[in-house]
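Here the structure is laid out as structure tokens; the discussion comes afterwards.
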Amino acid sequence: MNREAATRRSAMFSRAVFVGGVIATLATFFAGAWSRRWIADDGLIVLRTVRNLMAGNGPVFNAGERVETNTSAAWTYVVYAVEWVTRARLEYVSLAVALTLSLLAVGFAMVGTARLWGAPWGVDSTRAVLMLPAGALVYIALPPARDYASSGLENCLVIFWLAVLWWLLIRWSQAQRDRLGLLAAVVFWAGLSWLVRPEMVMIGGLTLALVWLAPMPATRVGPVVLRALLVAVGGLVPLGYQIWRMGYYGLPYPNTAVAKEAGGAKWNQGFTYLWDLAGPYYLWVPLILLVAGTIVLLRLRRPAGRAAEQTGSDAGGSLLRRVDGLRRGLRRPSVVVGLMLTGSLLLLVFELRVGGDFMHGRMLLPQVFCLLLPVSVLPVGLPRPSQWRQWATVLPIVGWLGLVGWALFTANTTANQAGASISTTGIVDERIYYVLNSGHDHPILAEDYLDFPRMRAMVQDIGATPEGGLLINSPSFRMWYVAPPPAQAPGESYGHTVYFLNLGMTSMNVPLDVRVIDQEGLAYPLAAHTDRLTDGRIGHDKNLYADWVVVDTGMVDRHPWLPWYMDEKFVAQARVALSCPDTQALLASSRAPLTFDRFRHNLIQAFGFAKYRIDRVPKYEIQRCHLQDPYPPLR
């Protein structure tokens, strides 16, 4: 009776510690994220698209120009759906959804890992085994993780998708009986990877391959028909969206991938970006502690594991020598762990290859989160009085205390010291940068960014030019160059176009009828399809001359109306270069009316449009396209 009572007390205490650990971890994460709450300029870009959706203009950044400016299609529609239901202010919707998904991600990760380690709580039920926050603690301690929990960017959705996939896969691998509903959920969720972020297809694809190779449940329809049904479940949404994307936008992936050359290689910058995160926080310290602790815990659990393995071997030893036995072996938690670790390494290699990002830590957070999933919590047993001198039982406790110490150190570390400037590596602490340059501790609303340099001047200059015009930023923070439109009938307006790099704050502080485009090309196909600058800042290594935009928008191209620093000859050459038939075909893919023929043409030509590049120097583009230069070089 005493043993049964001890068992109940041990189980209740272990469960209470786990639930308390989850609550404490989420509360700590929320407090840290809330204290650093903000919405990034790039987060406001998403909201401009949502505004256009709400206004009936479609999923576009500028009405009448079909450009996909958001890398995560799923994040755009999640914000849109919540906004459509609540009708609350967009910035607050984005903030609330981001925080909620970030917290849910950590929660699902911890619950999934508790299942992995064999809850309820240990082999010896009379000895309390505490599921303590471990990898989850490491993740929430990283300042970038708290920054991007509320930034309005898709990081929250990415880690939420990873955590739910992890939880589903662990349940699938441990299920005692086949459950078609669970299998369909895994396949459907994995198929969404392409829409969450295109590179997440590495993990989604591995998941689908694992499910495909594993044995199918016994059903009346048979394995062949069942596999066909699963293909439909996993592929219907992503494939349907992909067909629509190619026909609607004329590209096989978001325009951001073209603008930032996601297929390019900048390995040196990628390793610089990795060190920018791992170096200041000594990220290898918790990784070593987690690996060492996991090895010790696995050794402690080995006898039970061997017994289970032996039982399985006795029950079906002959099958292990067959292919079917190998396939059955795929449905194990250890294979799911291997899948996640492999996926995180593939994502890391991809990020290193493309050169990382310009935002400190942001694009490595999914890799870190995915790598830490199998150790989000660890089962640390409380030693009995006679075991306190046994290193194998005490070491996990000491290691966990080391994790707590590292987390306290890291949570109060400022890694990027550039502040309101951009470091020599091109990497910046994005939140601090906008906090200091806007003068707001928590820049969330669009009007908070009116205090960013040039923003109030932009609004004033638009109001001062009712006839319209092209706004080009000047060196002064208090005025813009305005290239005027041609003569118009009295009372008519040509409309305004703003040409500026910071698309989010610009577009959210002007009406939807003001066109906003950028030099990098996130919202401007002409700039997106220019060649990459060899030594440009990562994420900003395209810069289309404003002369092209004067021609493209139809503004007056003569002095004194043309901004003083522009050369009329250069503008004239840009006009000829812009007439290149292939370039016009590219622009028509997003600007021409969306008829059935246009949709079909875009669908067929999408990959060709994606590869097309122009030279940003007009005279070289004239030569590339075999056009007649209005100012040929002297011989």
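Following the order of the structure tokens, first chain is A, next is B, and so on, with residues numbered from 1 inside each chain and ligands from 1 in the order they appear.
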Sorted by chain and rising residue number, list the residues of range 542-571 of chain A at most 12 Å from range 498-508 of chain A (counting only C-alpha atoms), each with its closest atom pair and distance in Å to one decimal, as CSV.
```
residue,atom,partner,partner_atom,distance
A:Lys542,CA,A:Leu501,CA,10.7
A:Asn543,CA,A:Leu501,CA,9.3
A:Leu544,CA,A:Tyr499,CA,10.3
A:Tyr545,CA,A:Tyr499,CA,10.4
A:Ala546,CA,A:Tyr499,CA,7.9
A:Asp547,CA,A:Tyr499,CA,11.2
A:Trp548,CA,A:Tyr499,CA,11.1
A:Val549,CA,A:Tyr499,CA,8.1
A:Val550,CA,A:Tyr499,CA,10.1
A:Asp552,CA,A:Tyr499,CA,11.8
A:Thr553,CA,A:Val498,CA,10.6
```
Grab the residues selected above and save them as an mmCIF file, in the first residue's frame with all heavy atoms.
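Here's the written file result.cif:
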```cif
data_model
loop_
_atom_site.group_PDB
_atom_site.id
_atom_site.type_symbol
_atom_site.label_atom_id
_atom_site.label_comp_id
_atom_site.auth_asym_id
_atom_site.auth_seq_id
_atom_site.Cartn_x
_atom_site.Cartn_y
_atom_site.Cartn_z
ATOM 1 N N LYS A 542 20.149 45.081 -54.332
ATOM 2 C CA LYS A 542 19.643 45.568 -55.610
ATOM 3 C C LYS A 542 19.246 47.026 -55.403
ATOM 4 O O LYS A 542 18.723 47.388 -54.348
ATOM 5 C CB LYS A 542 18.448 44.738 -56.094
ATOM 6 C CG LYS A 542 18.830 43.316 -56.478
ATOM 7 C CD LYS A 542 17.686 42.566 -57.133
ATOM 8 C CE LYS A 542 18.148 41.161 -57.537
ATOM 9 N NZ LYS A 542 17.082 40.400 -58.227
ATOM 10 N N ASN A 543 19.484 47.836 -56.403
ATOM 11 C CA ASN A 543 19.199 49.268 -56.243
ATOM 12 C C ASN A 543 18.979 49.881 -57.622
ATOM 13 O O ASN A 543 19.918 50.275 -58.303
ATOM 14 C CB ASN A 543 20.352 49.964 -55.523
ATOM 15 C CG ASN A 543 20.012 51.388 -55.136
ATOM 16 O OD1 ASN A 543 18.900 51.865 -55.358
ATOM 17 N ND2 ASN A 543 20.971 52.090 -54.549
ATOM 18 N N LEU A 544 17.716 49.938 -58.021
ATOM 19 C CA LEU A 544 17.383 50.453 -59.345
ATOM 20 C C LEU A 544 17.427 51.982 -59.340
ATOM 21 O O LEU A 544 16.878 52.631 -58.449
ATOM 22 C CB LEU A 544 15.984 49.989 -59.751
ATOM 23 C CG LEU A 544 15.524 50.391 -61.153
ATOM 24 C CD1 LEU A 544 16.357 49.678 -62.211
ATOM 25 C CD2 LEU A 544 14.046 50.085 -61.337
ATOM 26 N N TYR A 545 18.089 52.558 -60.342
ATOM 27 C CA TYR A 545 18.159 54.013 -60.450
ATOM 28 C C TYR A 545 16.758 54.614 -60.603
ATOM 29 O O TYR A 545 15.884 54.055 -61.282
ATOM 30 C CB TYR A 545 19.012 54.428 -61.649
ATOM 31 C CG TYR A 545 20.466 54.045 -61.528
ATOM 32 C CD1 TYR A 545 21.040 53.142 -62.433
ATOM 33 C CD2 TYR A 545 21.275 54.591 -60.546
ATOM 34 C CE1 TYR A 545 22.374 52.786 -62.337
ATOM 35 C CE2 TYR A 545 22.618 54.248 -60.453
ATOM 36 C CZ TYR A 545 23.159 53.343 -61.339
ATOM 37 O OH TYR A 545 24.484 53.001 -61.240
ATOM 38 N N ALA A 546 16.555 55.762 -59.988
ATOM 39 C CA ALA A 546 15.250 56.423 -60.037
ATOM 40 C C ALA A 546 14.897 56.895 -61.448
ATOM 41 O O ALA A 546 13.723 57.144 -61.741
ATOM 42 C CB ALA A 546 15.223 57.603 -59.071
ATOM 43 N N ASP A 547 15.885 57.010 -62.330
ATOM 44 C CA ASP A 547 15.617 57.434 -63.706
ATOM 45 C C ASP A 547 14.627 56.481 -64.394
ATOM 46 O O ASP A 547 13.764 56.918 -65.169
ATOM 47 C CB ASP A 547 16.925 57.482 -64.506
ATOM 48 C CG ASP A 547 17.996 58.290 -63.789
ATOM 49 O OD1 ASP A 547 18.507 57.809 -62.756
ATOM 50 O OD2 ASP A 547 18.312 59.392 -64.248
ATOM 51 N N TRP A 548 14.755 55.195 -64.113
ATOM 52 C CA TRP A 548 13.835 54.210 -64.675
ATOM 53 C C TRP A 548 12.401 54.501 -64.219
ATOM 54 O O TRP A 548 11.449 54.365 -64.993
ATOM 55 C CB TRP A 548 14.212 52.802 -64.221
ATOM 56 C CG TRP A 548 15.470 52.244 -64.802
ATOM 57 C CD1 TRP A 548 16.746 52.459 -64.363
ATOM 58 C CD2 TRP A 548 15.584 51.336 -65.901
ATOM 59 N NE1 TRP A 548 17.641 51.758 -65.121
ATOM 60 C CE2 TRP A 548 16.956 51.053 -66.073
ATOM 61 C CE3 TRP A 548 14.659 50.737 -66.750
ATOM 62 C CZ2 TRP A 548 17.428 50.198 -67.058
ATOM 63 C CZ3 TRP A 548 15.122 49.876 -67.739
ATOM 64 C CH2 TRP A 548 16.492 49.611 -67.893
ATOM 65 N N VAL A 549 12.265 54.878 -62.965
ATOM 66 C CA VAL A 549 10.931 55.073 -62.388
ATOM 67 C C VAL A 549 10.265 56.319 -62.974
ATOM 68 O O VAL A 549 9.052 56.349 -63.179
ATOM 69 C CB VAL A 549 11.018 55.165 -60.851
ATOM 70 C CG1 VAL A 549 9.626 55.150 -60.236
ATOM 71 C CG2 VAL A 549 11.859 54.035 -60.295
ATOM 72 N N VAL A 550 11.070 57.348 -63.250
ATOM 73 C CA VAL A 550 10.524 58.538 -63.898
ATOM 74 C C VAL A 550 9.878 58.158 -65.224
ATOM 75 O O VAL A 550 8.765 58.592 -65.560
ATOM 76 C CB VAL A 550 11.631 59.596 -64.108
ATOM 77 C CG1 VAL A 550 11.131 60.734 -64.986
ATOM 78 C CG2 VAL A 550 12.118 60.137 -62.764
ATOM 79 N N ASP A 552 8.952 55.000 -66.149
ATOM 80 C CA ASP A 552 7.904 53.998 -65.943
ATOM 81 C C ASP A 552 6.598 54.630 -65.438
ATOM 82 O O ASP A 552 5.510 54.158 -65.773
ATOM 83 C CB ASP A 552 8.396 52.952 -64.942
ATOM 84 C CG ASP A 552 7.483 51.752 -64.855
ATOM 85 O OD1 ASP A 552 6.893 51.375 -65.883
ATOM 86 O OD2 ASP A 552 7.350 51.182 -63.754
ATOM 87 N N THR A 553 6.706 55.681 -64.641
ATOM 88 C CA THR A 553 5.498 56.341 -64.114
ATOM 89 C C THR A 553 4.986 57.438 -65.037
ATOM 90 O O THR A 553 3.920 58.002 -64.778
ATOM 91 C CB THR A 553 5.779 56.934 -62.724
ATOM 92 O OG1 THR A 553 6.914 57.815 -62.800
ATOM 93 C CG2 THR A 553 6.048 55.835 -61.705
#
```
Please build the interface table for range 501-535 of chain A against range 259-267 of chain A with a cut-off of 6 Å, listing for each qualifying residue the nearest atom pair and the distance in Å to one decimal; count only C-alpha atoms, order rows by chain and increasing number, and write it as a Markdown table.
```
| residue | atom | partner | partner_atom | distance |
| --- | --- | --- | --- | --- |
| A:Gly521 | CA | A:Ala259 | CA | 5.3 |
| A:Leu522 | CA | A:Ala259 | CA | 5.8 |
| A:Ala528 | CA | A:Ala259 | CA | 4.2 |
```
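Taking CA of Pro280 in chain A as the reference point, CA of Leu401 in chain A is found at 20.6 Å.
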Using backbone DSSP assignments, extract all helix (DSSP H, G or I) residues from range 337-464 of chain A; output them as a PyMOL selection string.
chain A and resi 337-354+362-375+385-387+391-411+430-438+446-451+455-464
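The two atoms in question, CA of Ile140 in chain A and CA of Gly338 in chain A, are spaced 23.1 Å apart.
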Hey, could you make a per-residue contact list for range 267-308 of chain A against range 428-451 of chain A with 12 Å as the cut-off, showing the nearest pair of atoms and its distance in Å to one decimal, counting only C-alpha atoms, sorted by chain and number, as JSON lines?
```
{"residue": "A:Tyr273", "atom": "CA", "partner": "A:Val428", "partner_atom": "CA", "distance": 10.5}
{"residue": "A:Asp276", "atom": "CA", "partner": "A:Val428", "partner_atom": "CA", "distance": 9.8}
{"residue": "A:Leu277", "atom": "CA", "partner": "A:Asp429", "partner_atom": "CA", "distance": 10.8}
```
Phe13 in chain A environment, 9 Å, only C-alpha atoms, sequence neighbours closer than 3 positions dropped, as a ChimeraX atom specification:
/A:8-10,16-18,128-130
As a count of residues only, please: every residue in range 338-510 of chain A that a backbone DSSP assignment puts in strand (DSSP E or B).
20
Which residues are close to Leu195 in chain A, i.e. within 6 Å by only C-alpha atoms, leaving aside same-chain residues fewer than 3 positions away? Reply as a PyMOL selection string.
chain A and resi 72-74+192
Could you check which of A:Met131, A:Arg558, A:Arg299, A:Leu104 is closest to Val19 in chain A, using only C-alpha atoms?
A:Met131
7 Å contact set for range 480-484 of chain A, only C-alpha atoms, chain neighbours under 2 positions out, as a PDB file with C-alpha atoms, in the first residue's frame:
```
ATOM      1  CA  MET A 458       6.421  62.514 -47.252  1.00  0.00           C
ATOM      2  CA  GLY A 468       0.209  63.975 -58.184  1.00  0.00           C
ATOM      3  CA  GLY A 469       3.834  63.147 -58.858  1.00  0.00           C
ATOM      4  CA  LEU A 470       6.732  60.831 -58.136  1.00  0.00           C
ATOM      5  CA  LEU A 471       8.287  61.250 -54.671  1.00  0.00           C
ATOM      6  CA  ILE A 472      12.003  60.435 -54.485  1.00  0.00           C
ATOM      7  CA  ASN A 473      13.804  60.736 -51.157  1.00  0.00           C
ATOM      8  CA  SER A 474      16.387  63.482 -50.819  1.00  0.00           C
ATOM      9  CA  PRO A 486       2.536  65.923 -67.518  1.00  0.00           C
ATOM     10  CA  MET A 555       6.564  61.838 -65.213  1.00  0.00           C
ATOM     11  CA  VAL A 556       8.133  64.884 -66.864  1.00  0.00           C
ATOM     12  CA  TRP A 561      10.992  69.668 -63.426  1.00  0.00           C
ATOM     13  CA  LEU A 562      13.300  66.680 -63.250  1.00  0.00           C
ATOM     14  CA  PRO A 563      15.223  66.424 -59.925  1.00  0.00           C
TER      15      PRO A 563
END
```
I'd like the contact shell of range 237-251 of chain A - 7 Å cut-off, only C-alpha atoms, skipping same-chain residues fewer than 2 positions apart - returned as number ranges by chain.
A: 66-68, 191-192, 194-195, 235, 253-254, 589-590, 599-600, 602-603, 606-607, 609-610
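When only C-alpha atoms are used to measure the gap to Arg515 in chain A, the shortest distance among A:Ser94, A:Ser150, A:Asn155, A:Asn62 belongs to A:Asn62.
Proximity to Val78 in chain A at 10 Å, evaluated using only C-alpha atoms and with sequence-adjacent residues fewer than 5 positions away removed, yields A:Val50, A:Ala73, A:Glu83, A:Trp84, A:Ser94, A:Val97, A:Leu157.
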